[in-house]
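Participant: Got a structure here, written out as C-alpha cells. Questions coming.
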Amino acid sequence: MINKVILLGNVGAEPEVRSLDGGAKVARIRVATTEKWTDKNGKKEEQTEWHTISLWRGLADVVDKYVHKGSQVYIEGKIRTREFEQNGEKRYATEIIAEELKLCGRPKDANELPV
C-alpha cells in the first residue's frame, strides 16, 4: 500500500508554529495549488484547492525560520484523516503530514538563507 502526496504550491497565510508539552515543535501551514486548463469552447478555467500541512520537529524549525505567506513550497508527505467531536457532532479533518519540505522560488531577502 502507498500513501504518498506531492504538492507544489503557495503558502496562503503566516504559518502557525507551536511547541508541545513534550518539547516537540509542530507547524501548520495552508498551501494553495491551482490547476488551469482550457475547456472545449476555448474558455480558460482554473480551480484552486487548499491543503492543510502539518510539519513536525526539524521541518517545523525550517517553517518557523524561513516560510512566510506567499512562499512557494514543495511538500512530500502522506494523507491523514482525523476524527473529532465539535458541539456534539462528529467531524473529520484531512491533512497532509509532511515528510519532506523544499523551499522554492527566490527568497525575499538573500540574507534569509542559512549558510
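Ordering of the C-alpha cells sets the chain letters (A, B, ...), residue numbers begin anew at 1 in every chain, and ligands are numbered from 1 in the order given.
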Hey, what's within 8 Å of Gly70 of chain A if we count only C-alpha atoms and toss same-chain stuff fewer than 6 positions away? As a ChimeraX atom specification, please?
Facilitator: /A:10-13
Participant: As a ChimeraX atom specification, please: the residues near Ile6 of chain A (cut-off 12 Å, only C-alpha atoms, same-chain neighbours under 3 positions excluded).
Facilitator: /A:3,9,31,33,51,53,73-79,96-102
Participant: Report the distance between atom CA of Pro15 of chain A and atom CA of Cys104 of chain A in Å, rounded to one decimal place.
Facilitator: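 These two atoms are separated by 16.2 Å.
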Participant: May I have all residues of chain A that DSSP, computed from the backbone, assigns to alpha helix (DSSP H), given as a list in words?
Facilitator: Arg57, Gly58, Leu59, Ala60, Asp61, Val62, Val63, Asp64, Lys65 and Tyr66 of chain A
Participant: Since we have the selection now, will you write its residues out, keeping N, CA and C atoms, as a PDB file, in the first residue's frame?
Facilitator:
ATOM      1  N   ARG A  57       8.896  18.698  14.211  1.00  0.00           N
ATOM      2  CA  ARG A  57      10.280  18.765  14.674  1.00  0.00           C
ATOM      3  C   ARG A  57      11.169  19.608  13.756  1.00  0.00           C
ATOM      4  N   GLY A  58      12.144  19.003  13.090  1.00  0.00           N
ATOM      5  CA  GLY A  58      13.091  19.749  12.257  1.00  0.00           C
ATOM      6  C   GLY A  58      12.416  20.512  11.134  1.00  0.00           C
ATOM      7  N   LEU A  59      11.398  19.902  10.518  1.00  0.00           N
ATOM      8  CA  LEU A  59      10.681  20.606   9.451  1.00  0.00           C
ATOM      9  C   LEU A  59       9.934  21.807  10.015  1.00  0.00           C
ATOM     10  N   ALA A  60       9.422  21.688  11.235  1.00  0.00           N
ATOM     11  CA  ALA A  60       8.747  22.817  11.886  1.00  0.00           C
ATOM     12  C   ALA A  60       9.740  23.952  12.143  1.00  0.00           C
ATOM     13  N   ASP A  61      10.979  23.608  12.481  1.00  0.00           N
ATOM     14  CA  ASP A  61      12.014  24.631  12.679  1.00  0.00           C
ATOM     15  C   ASP A  61      12.265  25.403  11.393  1.00  0.00           C
ATOM     16  N   VAL A  62      12.334  24.682  10.272  1.00  0.00           N
ATOM     17  CA  VAL A  62      12.558  25.337   8.967  1.00  0.00           C
ATOM     18  C   VAL A  62      11.397  26.263   8.647  1.00  0.00           C
ATOM     19  N   VAL A  63      10.178  25.788   8.875  1.00  0.00           N
ATOM     20  CA  VAL A  63       8.997  26.622   8.626  1.00  0.00           C
ATOM     21  C   VAL A  63       9.047  27.872   9.486  1.00  0.00           C
ATOM     22  N   ASP A  64       9.373  27.706  10.747  1.00  0.00           N
ATOM     23  CA  ASP A  64       9.417  28.825  11.687  1.00  0.00           C
ATOM     24  C   ASP A  64      10.392  29.907  11.221  1.00  0.00           C
ATOM     25  N   LYS A  65      11.522  29.507  10.668  1.00  0.00           N
ATOM     26  CA  LYS A  65      12.556  30.464  10.266  1.00  0.00           C
ATOM     27  C   LYS A  65      12.373  31.034   8.865  1.00  0.00           C
ATOM     28  N   TYR A  66      11.910  30.218   7.916  1.00  0.00           N
ATOM     29  CA  TYR A  66      12.018  30.616   6.511  1.00  0.00           C
ATOM     30  C   TYR A  66      10.724  30.672   5.712  1.00  0.00           C
TER      31      TYR A  66
END
Participant: Compile the contact shell of Ala93 of chain A as a list of chain:residue names: residues with an atom at most 8 Å away, counting only C-alpha atoms, same-chain residues fewer than 4 positions apart removed.
Facilitator: A:Thr81, A:Arg82, A:Glu83
Participant: Arg28 of chain A: which residues within 7 Å, counting only C-alpha atoms, same-chain residues fewer than 5 positions away excluded, as a PyMOL selection string?
Facilitator: chain A and resi 15-17+52-55
Participant: Select, from A:Trp56, A:Gln47, A:Asn41, A:Lys4, the residue with the minimum atom-to-atom distance to Arg18 of chain A, counting only C-alpha atoms.
Facilitator: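 Closest to Arg18 of chain A of all the choices is A:Trp56.
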